[in-house]
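Enquirer: Data: structure-v7.json, JSON, C-alpha atoms.
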[["chain", "number", "residue", "atom", "x", "y", "z"],
["X", 226, "MET", "CA", 123.89, 64.47, 78.54],
["X", 227, "LEU", "CA", 125.35, 66.51, 75.70],
["X", 228, "SER", "CA", 128.70, 65.05, 74.59],
["X", 229, "PHE", "CA", 131.04, 66.03, 71.79],
["X", 230, "GLU", "CA", 132.97, 62.77, 71.86],
["X", 231, "PRO", "CA", 131.76, 61.66, 68.38],
["X", 232, "GLU", "CA", 132.82, 65.00, 66.91],
["X", 233, "VAL", "CA", 136.24, 64.77, 68.57],
["X", 234, "ILE", "CA", 136.72, 61.23, 67.22],
["X", 235, "ALA", "CA", 135.68, 62.35, 63.74],
["X", 236, "ALA", "CA", 138.10, 65.28, 63.89],
["X", 237, "ARG", "CA", 140.90, 62.94, 65.02],
["X", 238, "ASP", "CA", 140.19, 60.46, 62.24],
["X", 239, "ALA", "CA", 140.12, 63.27, 59.69],
["X", 240, "GLY", "CA", 143.51, 64.51, 60.91],
["X", 241, "ALA", "CA", 142.16, 67.85, 62.10],
["X", 242, "ILE", "CA", 143.59, 67.27, 65.59],
["X", 243, "ASP", "CA", 146.43, 65.07, 66.76],
["X", 244, "PRO", "CA", 145.78, 61.85, 68.77],
["X", 245, "PRO", "CA", 147.14, 63.15, 72.14],
["X", 246, "THR", "CA", 144.89, 66.20, 71.97],
["X", 247, "ALA", "CA", 141.94, 64.04, 70.95],
["X", 248, "ALA", "CA", 142.61, 61.64, 73.85],
["X", 249, "ARG", "CA", 142.60, 64.53, 76.32],
["X", 250, "LEU", "CA", 139.38, 65.98, 74.91],
["X", 251, "ILE", "CA", 137.67, 62.57, 74.95],
["X", 252, "ALA", "CA", 138.69, 62.07, 78.58],
["X", 253, "ILE", "CA", 137.17, 65.47, 79.41],
["X", 254, "GLU", "CA", 133.93, 64.60, 77.61],
["X", 255, "ARG", "CA", 133.73, 61.28, 79.48],
["X", 256, "ARG", "CA", 134.37, 63.11, 82.76],
["X", 257, "GLU", "CA", 137.43, 60.93, 83.36],
["X", 258, "ILE", "CA", 139.40, 64.09, 84.10],
["X", 259, "PHE", "CA", 137.94, 67.31, 85.37],
["X", 260, "SER", "CA", 139.04, 70.62, 86.81],
["X", 261, "VAL", "CA", 138.79, 71.51, 90.50],
["X", 262, "HIS", "CA", 140.04, 75.04, 89.86],
["X", 263, "ASP", "CA", 136.75, 76.71, 90.84],
["X", 264, "GLU", "CA", 136.46, 74.62, 94.01],
["X", 265, "LEU", "CA", 140.01, 75.42, 95.10],
["X", 266, "ARG", "CA", 139.48, 79.08, 94.30],
["X", 267, "ALA", "CA", 136.30, 79.10, 96.40],
["X", 268, "LEU", "CA", 138.09, 77.43, 99.32],
["X", 269, "ALA", "CA", 140.92, 79.95, 99.15],
["X", 270, "TRP", "CA", 138.40, 82.81, 99.10],
["X", 271, "ILE", "CA", 136.51, 81.31, 102.06],
["X", 272, "GLY", "CA", 139.80, 81.03, 103.94],
["X", 273, "ALA", "CA", 140.50, 84.73, 103.41],
["X", 274, "MET", "CA", 136.97, 85.61, 104.54],
["X", 275, "LEU", "CA", 137.31, 83.50, 107.69],
["X", 276, "ILE", "CA", 140.59, 85.20, 108.59],
["X", 277, "ILE", "CA", 139.20, 88.70, 108.11],
["X", 278, "THR", "CA", 136.11, 87.71, 110.14],
["X", 279, "GLY", "CA", 138.41, 86.57, 112.93],
["X", 280, "VAL", "CA", 140.23, 89.91, 112.76],
["X", 281, "GLY", "CA", 136.90, 91.70, 113.11],
["X", 282, "ILE", "CA", 136.02, 89.65, 116.18],
["X", 283, "ILE", "CA", 139.41, 90.38, 117.74],
["X", 284, "ILE", "CA", 138.97, 94.11, 117.10],
["X", 285, "LYS", "CA", 135.52, 94.08, 118.68],
["X", 286, "LYS", "CA", 136.27, 92.02, 121.77],
["X", 287, "HIS", "CA", 139.91, 92.72, 122.60],
["X", 288, "VAL", "CA", 140.57, 96.28, 121.47],
["X", 289, "GLN", "CA", 140.98, 97.51, 125.05],
["X", 290, "ASP", "CA", 143.04, 94.51, 126.16],
["X", 291, "ILE", "CA", 145.53, 94.80, 123.30],
["X", 292, "GLY", "CA", 145.40, 98.55, 122.90],
["X", 293, "PRO", "CA", 144.07, 100.49, 119.91],
["X", 294, "LEU", "CA", 147.48, 101.65, 118.68],
["X", 295, "THR", "CA", 149.06, 98.20, 118.98],
["X", 296, "LEU", "CA", 146.10, 96.64, 117.21],
["X", 297, "ALA", "CA", 146.20, 99.17, 114.38],
["X", 298, "ILE", "CA", 149.95, 98.63, 113.89],
["X", 299, "ALA", "CA", 149.55, 94.82, 113.99],
["X", 300, "ILE", "CA", 146.79, 94.85, 111.36],
["X", 301, "GLY", "CA", 148.82, 97.22, 109.19],
["X", 302, "ALA", "CA", 151.88, 94.98, 109.50],
["X", 303, "ALA", "CA", 149.84, 91.92, 108.52],
["X", 304, "ALA", "CA", 148.45, 93.77, 105.49],
["X", 305, "ALA", "CA", 151.97, 94.86, 104.50],
["X", 306, "ALA", "CA", 153.14, 91.24, 104.81],
["X", 307, "CYS", "CA", 150.36, 90.09, 102.47],
["X", 308, "TYR", "CA", 151.23, 92.74, 99.90],
["X", 309, "GLY", "CA", 154.93, 91.95, 100.27],
["X", 310, "TYR", "CA", 154.28, 88.27, 99.65],
["X", 311, "ALA", "CA", 152.20, 89.09, 96.56],
["X", 312, "ALA", "CA", 154.94, 91.39, 95.24],
["X", 313, "TRP", "CA", 157.60, 88.73, 95.87],
["X", 314, "ARG", "CA", 155.60, 86.08, 94.00],
["X", 315, "ARG", "CA", 155.05, 88.53, 91.17],
["X", 316, "ARG", "CA", 158.77, 89.20, 90.95],
["X", 317, "LEU", "CA", 159.44, 85.46, 90.78],
["X", 318, "GLY", "CA", 156.99, 85.17, 87.90],
["X", 319, "VAL", "CA", 154.99, 82.38, 89.56],
["X", 320, "HIS", "CA", 151.33, 82.37, 90.45],
["X", 321, "ASN", "CA", 148.75, 80.12, 92.09],
["X", 322, "LEU", "CA", 145.32, 80.41, 93.66],
["X", 323, "ALA", "CA", 146.74, 81.06, 97.12],
["X", 324, "ASP", "CA", 148.49, 84.20, 95.83],
["X", 325, "ASP", "CA", 145.17, 85.81, 94.89],
["X", 326, "SER", "CA", 143.69, 85.00, 98.29],
["X", 327, "VAL", "CA", 146.69, 86.39, 100.16],
["X", 328, "LEU", "CA", 146.48, 89.60, 98.12],
["X", 329, "LEU", "CA", 142.74, 89.84, 98.78],
["X", 330, "LEU", "CA", 143.36, 89.26, 102.49],
["X", 331, "GLY", "CA", 145.90, 92.07, 102.50],
["X", 332, "ALA", "CA", 143.43, 94.46, 100.89],
["X", 333, "LEU", "CA", 140.69, 93.49, 103.34],
["X", 334, "LEU", "CA", 143.10, 94.04, 106.23],
["X", 335, "VAL", "CA", 143.86, 97.51, 104.85],
["X", 336, "SER", "CA", 140.13, 98.25, 104.74],
["X", 337, "ALA", "CA", 139.68, 96.97, 108.28],
["X", 338, "ASP", "CA", 142.66, 98.96, 109.54],
["X", 339, "VAL", "CA", 141.60, 102.22, 107.89],
["X", 340, "GLY", "CA", 138.05, 101.80, 109.19],
["X", 341, "PHE", "CA", 139.32, 100.99, 112.68],
["X", 342, "ILE", "CA", 141.68, 103.98, 112.76],
["X", 343, "GLU", "CA", 138.93, 106.34, 111.62],
["X", 344, "HIS", "CA", 136.46, 104.91, 114.15],
["X", 345, "GLN", "CA", 138.97, 105.04, 116.98],
["X", 346, "TRP", "CA", 140.61, 108.44, 116.43],
["X", 347, "HIS", "CA", 138.20, 110.27, 114.04],
["X", 348, "VAL", "CA", 141.08, 111.43, 111.85],
["X", 349, "LEU", "CA", 138.75, 112.89, 109.22],
["X", 350, "GLY", "CA", 136.27, 114.34, 111.71],
["X", 351, "ALA", "CA", 132.90, 115.18, 110.19],
["X", 352, "GLU", "CA", 134.17, 114.06, 106.78],
["X", 353, "TRP", "CA", 134.64, 110.47, 108.03],
["X", 354, "GLN", "CA", 133.08, 109.04, 104.84],
["X", 355, "ARG", "CA", 136.12, 110.19, 102.89],
["X", 356, "HIS", "CA", 138.01, 107.16, 104.14],
["X", 357, "PHE", "CA", 135.97, 105.20, 101.58],
["X", 358, "LEU", "CA", 137.43, 107.43, 98.86],
["X", 359, "LEU", "CA", 140.90, 106.75, 100.23],
["X", 360, "LEU", "CA", 140.21, 103.00, 100.12],
["X", 361, "ALA", "CA", 138.87, 103.30, 96.57],
["X", 362, "PHE", "CA", 142.14, 104.93, 95.51],
["X", 363, "VAL", "CA", 144.39, 102.48, 97.40],
["X", 364, "HIS", "CA", 142.57, 99.39, 96.14],
["X", 365, "GLY", "CA", 142.39, 100.84, 92.63],
["X", 366, "VAL", "CA", 146.15, 101.35, 92.54],
["X", 367, "GLY", "CA", 146.65, 97.85, 93.92],
["X", 368, "ALA", "CA", 144.36, 96.42, 91.27],
["X", 369, "TYR", "CA", 146.46, 97.88, 88.46],
["X", 370, "VAL", "CA", 149.79, 97.07, 90.07],
["X", 371, "PHE", "CA", 148.88, 93.41, 90.62],
["X", 372, "GLY", "CA", 146.35, 93.03, 87.80],
["X", 373, "SER", "CA", 143.78, 91.90, 90.37],
["X", 374, "GLY", "CA", 140.06, 91.92, 89.65],
["X", 375, "ALA", "CA", 139.35, 91.26, 93.33],
["X", 376, "LEU", "CA", 141.09, 94.49, 94.35],
["X", 377, "LEU", "CA", 139.28, 96.38, 91.60],
["X", 378, "SER", "CA", 135.97, 95.07, 93.00],
["X", 379, "LEU", "CA", 136.94, 96.40, 96.44],
["X", 380, "SER", "CA", 137.86, 99.74, 94.89],
["X", 381, "ILE", "CA", 134.51, 100.04, 93.12],
["X", 382, "ALA", "CA", 132.63, 98.99, 96.27],
["X", 383, "ALA", "CA", 134.49, 101.64, 98.27],
["X", 384, "LEU", "CA", 133.69, 104.25, 95.62],
["X", 385, "ALA", "CA", 129.99, 103.34, 95.80],
["X", 386, "ALA", "CA", 130.11, 103.52, 99.61],
["X", 387, "TRP", "CA", 131.72, 106.96, 99.44],
["X", 388, "MET", "CA", 128.85, 108.09, 97.22],
["X", 389, "GLY", "CA", 126.41, 106.80, 99.84],
["X", 390, "ILE", "CA", 125.05, 103.91, 97.81],
["X", 391, "GLU", "CA", 123.60, 100.97, 99.68],
["X", 392, "ARG", "CA", 122.39, 97.86, 97.89],
["X", 393, "ARG", "CA", 120.22, 96.09, 100.44],
["X", 394, "ALA", "CA", 116.78, 94.78, 99.55],
["X", 395, "GLU", "CA", 115.04, 96.63, 102.38],
["X", 396, "ILE", "CA", 116.54, 99.93, 101.23],
["X", 397, "LEU", "CA", 114.69, 99.69, 97.93],
["X", 398, "PHE", "CA", 111.29, 100.57, 99.41],
["X", 399, "THR", "CA", 112.53, 103.37, 101.68],
["X", 400, "ALA", "CA", 115.18, 105.01, 99.51],
["X", 401, "THR", "CA", 114.74, 108.46, 98.03],
["X", 402, "THR", "CA", 115.28, 109.44, 94.42],
["X", 403, "ASP", "CA", 118.53, 111.09, 95.56],
["X", 404, "LEU", "CA", 119.96, 107.61, 96.10],
["X", 405, "ALA", "CA", 118.84, 106.63, 92.60],
["X", 406, "LEU", "CA", 120.61, 109.63, 91.12],
["X", 407, "ARG", "CA", 123.78, 108.72, 93.01],
["X", 408, "ALA", "CA", 123.53, 105.16, 91.69],
["X", 409, "PHE", "CA", 123.21, 106.49, 88.13],
["X", 410, "ALA", "CA", 126.17, 108.83, 88.70],
["X", 411, "CYS", "CA", 128.32, 105.99, 90.03],
["X", 412, "ALA", "CA", 127.36, 103.81, 87.05],
["X", 413, "ALA", "CA", 128.33, 106.67, 84.71],
["X", 414, "ILE", "CA", 131.71, 107.01, 86.46],
["X", 415, "LEU", "CA", 132.33, 103.29, 85.98],
["X", 416, "VAL", "CA", 131.43, 103.49, 82.29],
["X", 417, "ALA", "CA", 133.87, 106.37, 81.86],
["X", 418, "TRP", "CA", 136.51, 104.48, 83.86],
["X", 419, "ARG", "CA", 135.97, 101.45, 81.63],
["X", 420, "GLU", "CA", 136.49, 103.51, 78.49],
["X", 421, "ILE", "CA", 139.72, 105.02, 79.85],
["X", 422, "ASP", "CA", 140.91, 101.56, 80.85],
["X", 423, "ARG", "CA", 140.16, 100.21, 77.37],
["X", 424, "ARG", "CA", 142.11, 102.98, 75.68],
["X", 425, "VAL", "CA", 145.12, 102.97, 78.01],
["X", 426, "ARG", "CA", 145.67, 99.29, 78.81],
["X", 427, "PRO", "CA", 146.26, 96.59, 76.17],
["X", 428, "ILE", "CA", 144.82, 93.95, 78.52],
["X", 429, "ARG", "CA", 141.05, 94.12, 78.88],
["X", 430, "ASN", "CA", 140.57, 91.76, 81.82],
["X", 431, "PHE", "CA", 138.90, 94.49, 83.91],
["X", 432, "GLU", "CA", 136.22, 95.27, 81.34],
["X", 433, "PRO", "CA", 133.63, 92.69, 82.57],
["X", 434, "LEU", "CA", 133.93, 93.96, 86.15],
["X", 435, "PHE", "CA", 133.21, 97.54, 85.14],
["X", 436, "GLU", "CA", 130.25, 96.38, 83.06],
["X", 437, "HIS", "CA", 128.72, 94.20, 85.78],
["X", 438, "PHE", "CA", 129.01, 96.85, 88.49],
["X", 439, "ALA", "CA", 127.72, 99.61, 86.20],
["X", 440, "ALA", "CA", 124.76, 97.49, 85.06],
["X", 441, "ASN", "CA", 123.72, 96.58, 88.60],
["X", 442, "LEU", "CA", 124.04, 100.16, 89.85],
["X", 443, "ALA", "CA", 122.03, 101.53, 86.93],
["X", 444, "PHE", "CA", 119.30, 98.92, 87.38],
["X", 445, "TRP", "CA", 119.22, 99.58, 91.10],
["X", 446, "GLY", "CA", 118.69, 103.29, 90.44],
["X", 447, "ALA", "CA", 115.90, 102.49, 87.99],
["X", 448, "LEU", "CA", 114.15, 100.28, 90.55],
["X", 449, "ILE", "CA", 114.34, 103.03, 93.18],
["X", 450, "PHE", "CA", 112.69, 105.37, 90.68],
["X", 451, "THR", "CA", 110.04, 102.72, 90.00],
["X", 452, "VAL", "CA", 109.17, 102.31, 93.66],
["X", 453, "ASP", "CA", 108.64, 106.05, 94.12],
["X", 454, "ARG", "CA", 105.11, 107.04, 93.10],
["X", 455, "ASP", "CA", 106.16, 110.32, 91.48],
["X", 456, "THR", "CA", 108.87, 108.76, 89.30],
["X", 457, "ARG", "CA", 107.39, 105.28, 88.83],
["X", 458, "TRP", "CA", 106.85, 105.43, 85.07],
["X", 459, "TYR", "CA", 110.21, 107.08, 84.47],
["X", 460, "GLY", "CA", 111.78, 104.24, 86.42],
["X", 461, "LEU", "CA", 109.92, 101.63, 84.40],
["X", 462, "VAL", "CA", 111.03, 103.16, 81.10],
["X", 463, "ILE", "CA", 114.64, 103.41, 82.28],
["X", 464, "ALA", "CA", 114.58, 99.81, 83.55],
["X", 465, "LEU", "CA", 113.17, 98.49, 80.27],
["X", 466, "VAL", "CA", 115.69, 100.45, 78.20],
["X", 467, "LEU", "CA", 118.51, 99.15, 80.38],
["X", 468, "ALA", "CA", 117.08, 95.64, 80.08],
["X", 469, "ALA", "CA", 117.06, 95.91, 76.29],
["X", 470, "PHE", "CA", 120.70, 97.07, 76.22],
["X", 471, "SER", "CA", 121.68, 94.35, 78.70],
["X", 472, "LEU", "CA", 119.92, 91.69, 76.64],
["X", 473, "VAL", "CA", 121.61, 92.74, 73.42],
["X", 474, "HIS", "CA", 124.98, 92.98, 75.14],
["X", 475, "GLY", "CA", 124.55, 89.56, 76.73],
["X", 476, "PHE", "CA", 123.73, 87.86, 73.43],
["X", 477, "ARG", "CA", 126.37, 89.74, 71.47],
["X", 478, "ARG", "CA", 129.20, 89.04, 73.92],
["X", 479, "ARG", "CA", 127.88, 85.63, 75.04],
["X", 480, "ARG", "CA", 127.65, 86.89, 78.64],
["X", 481, "GLU", "CA", 124.71, 85.12, 80.17],
["X", 482, "LEU", "CA", 124.66, 87.17, 83.38],
["X", 483, "PHE", "CA", 123.62, 90.26, 81.42],
["X", 484, "VAL", "CA", 120.69, 88.32, 79.99],
["X", 485, "ILE", "CA", 119.75, 87.35, 83.53],
["X", 486, "TYR", "CA", 119.99, 91.01, 84.61],
["X", 487, "ALA", "CA", 117.66, 91.98, 81.77],
["X", 488, "TYR", "CA", 115.01, 89.43, 82.68],
["X", 489, "VAL", "CA", 115.17, 89.74, 86.46],
["X", 490, "TYR", "CA", 115.44, 93.52, 86.82],
["X", 491, "GLY", "CA", 112.94, 94.06, 84.01],
["X", 492, "LEU", "CA", 110.49, 91.69, 85.69],
["X", 493, "ILE", "CA", 110.86, 93.42, 89.05],
["X", 494, "ALA", "CA", 110.24, 96.85, 87.50],
["X", 495, "VAL", "CA", 107.16, 95.66, 85.60],
["X", 496, "ASP", "CA", 105.82, 93.84, 88.66],
["X", 497, "ILE", "CA", 106.20, 96.94, 90.83],
["X", 498, "VAL", "CA", 104.22, 99.07, 88.38],
["X", 499, "VAL", "CA", 101.51, 96.47, 87.73],
["X", 500, "VAL", "CA", 101.00, 95.64, 91.40],
["X", 501, "ALA", "CA", 101.14, 99.27, 92.58],
["X", 502, "ASP", "CA", 98.93, 100.86, 89.90],
["X", 503, "PHE", "CA", 96.66, 98.15, 88.48],
["X", 504, "LEU", "CA", 96.14, 95.28, 90.91],
["X", 505, "HIS", "CA", 94.66, 95.63, 94.36],
["X", 506, "ASP", "CA", 93.27, 92.24, 95.33],
["X", 507, "GLU", "CA", 95.85, 90.20, 97.23],
["X", 508, "ILE", "CA", 94.88, 86.91, 95.54],
["X", 509, "VAL", "CA", 95.16, 88.46, 92.09],
["X", 510, "VAL", "CA", 98.51, 90.01, 93.01],
["X", 511, "ALA", "CA", 99.84, 86.66, 94.25],
["X", 512, "ALA", "CA", 98.65, 84.87, 91.11],
["X", 513, "TYR", "CA", 100.15, 87.52, 88.84],
["X", 514, "VAL", "CA", 103.52, 87.49, 90.59],
["X", 515, "MET", "CA", 103.63, 83.69, 90.45],
["X", 516, "LEU", "CA", 102.77, 83.55, 86.75],
["X", 517, "SER", "CA", 105.17, 86.32, 85.77],
["X", 518, "THR", "CA", 107.97, 84.67, 87.75],
["X", 519, "VAL", "CA", 107.34, 81.28, 86.13],
["X", 520, "ALA", "CA", 107.29, 82.93, 82.69],
["X", 521, "VAL", "CA", 110.67, 84.56, 83.30],
["X", 522, "ILE", "CA", 112.14, 81.30, 84.64],
["X", 523, "VAL", "CA", 111.03, 79.52, 81.46],
["X", 524, "ALA", "CA", 112.44, 82.34, 79.34],
["X", 525, "LEU", "CA", 115.75, 82.13, 81.20],
["X", 526, "PHE", "CA", 115.92, 78.37, 80.68],
["X", 527, "VAL", "CA", 115.25, 78.71, 76.95],
["X", 528, "THR", "CA", 117.82, 81.48, 76.68],
["X", 529, "HIS", "CA", 120.37, 79.41, 78.59],
["X", 530, "MET", "CA", 119.95, 76.49, 76.22],
["X", 531, "ARG", "CA", 120.21, 78.80, 73.21],
["X", 532, "LEU", "CA", 123.46, 80.31, 74.48],
["X", 533, "ARG", "CA", 124.90, 76.86, 75.24],
["X", 534, "ARG", "CA", 124.11, 75.70, 71.72],
["X", 535, "ALA", "CA", 125.68, 78.84, 70.28],
["X", 536, "GLU", "CA", 128.86, 78.23, 72.31],
["X", 537, "ALA", "CA", 128.94, 74.60, 71.20]]
Here is the file; what I need is its structure written in the form of structure tokens.
Expert:
Amino acid sequence: MLSFEPEVIAARDAGAIDPPTAARLIAIERREIFSVHDELRALAWIGAMLIITGVGIIIKKHVQDIGPLTLAIAIGAAAAACYGYAAWRRRLGVHNLADDSVLLLGALLVSADVGFIEHQWHVLGAEWQRHFLLLAFVHGVGAYVFGSGALLSLSIAALAAWMGIERRAEILFTATTDLALRAFACAAILVAWREIDRRVRPIRNFEPLFEHFAANLAFWGALIFTVDRDTRWYGLVIALVLAAFSLVHGFRRRRELFVIYAYVYGLIAVDIVVVADFLHDEIVVAAYVMLSTVAVIVALFVTHMRLRRAEA
């Protein structure tokens, strides 16, 4: 196992770091102390998801018993309580993992309430999909008020839903090029949003979210083009260009997920073209897919080790 304990000891002996700091770093390297931040954050997130799942079950099974109006008001009140708690904690200047989960729960309750109201009373009529645009605005405002990446993710997801973008694996092989164009348009909106955010806000904590969503949407559009026979080669070229940009960006910013995007989406695009246009025997196709997948896994492992060494 890679350990920097000798380097820490050498730095301590040379006077580069003080003994208390060195002792803490050595304890970390020996795994005598470790962080459970990610585990607690995951548990808090799971708790919020379980609560919102329970709310969905209640809406489905007891809407007539409780009454639609009463249920809508109750969900809205619960959402307001979550936002009120988050605002109160913000005013106190204190923060913990539970605060983020309560805020996320409030936003999810807002989404559930708006969807329920639209489904129950058809407020927007034939333009029912506009409630996604409303949610995108509400969650976007909440994201900037509370500085919450989780709320920004909900806002972007609602924006994509308003534009009619679905990201399910089975959709890939039945989607039309119109969906690909909408995915590209949504990615372009996010890139523009990111640039405005960079120029207006001194804090750049939202930048990775914009980049990840934009990259995935753009790659998804390229794959849809690749699946379609008439646009297959355009899709391949777009996917490879995006993969090149993603690879460079990943190495330059030390963001390994973008390297993974480059390899995985690039492989899928190449595999689609090779299998659809050049290979026809099932055994050959299976062998090719297996070999190409193994090659990318090896490349990802090598890249991972290279990035870890660069960080070290």
Enquirer: Show me, as an mmCIF file with C-alpha atoms, in the frame of the given file, the residues that have an atom within 8 Å of Ile497 of chain X when counting all atoms listed in the file, minus same-chain residues fewer than 3 positions from it.
Expert:
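The new file around-v3.cif reads:
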data_model
loop_
_atom_site.group_PDB
_atom_site.id
_atom_site.type_symbol
_atom_site.label_atom_id
_atom_site.label_comp_id
_atom_site.auth_asym_id
_atom_site.auth_seq_id
_atom_site.Cartn_x
_atom_site.Cartn_y
_atom_site.Cartn_z
ATOM 1 C CA THR X 451 110.040 102.720 90.000
ATOM 2 C CA VAL X 452 109.170 102.310 93.660
ATOM 3 C CA ILE X 493 110.860 93.420 89.050
ATOM 4 C CA ALA X 494 110.240 96.850 87.500
ATOM 5 C CA VAL X 500 101.000 95.640 91.400
ATOM 6 C CA ALA X 501 101.140 99.270 92.580
#
Enquirer: As an exercise, work out the distance from atom CA of Arg419 of chain X to atom CA of Pro433 of chain X in Å and give it to one decimal place.
Expert: 9.1 Å
Enquirer: Leaving out segment 322-330 of chain X and any residue of its chain fewer than 3 positions from it, which residues lie within 9 Å of it when counting only C-alpha atoms, given as a list in words?
Expert: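 Residues near the query, excluding close chain neighbours: His262, Leu265, Arg266, Ala269, Trp270, Ile271, Gly272, Ala273, Met274, Ile276, Ile277, Ala304, Cys307, Tyr308, Tyr310, Ala311, Arg314, Leu333, Leu334, Val335, Phe371, Ser373, Ala375 and Leu376 of chain X.
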Enquirer: Nearest to Gly281 of chain X: which of X:Gly331, X:Gly475, X:Gly491, X:Gly340 is it, counting only C-alpha atoms?
Expert: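 The shortest atom-to-atom distance to Gly281 of chain X comes from X:Gly340.
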Enquirer: Work out how far apart atom CA of His474 of chain X and atom CA of Thr456 of chain X are and give it in Å to one decimal.
Expert: 26.6 Å
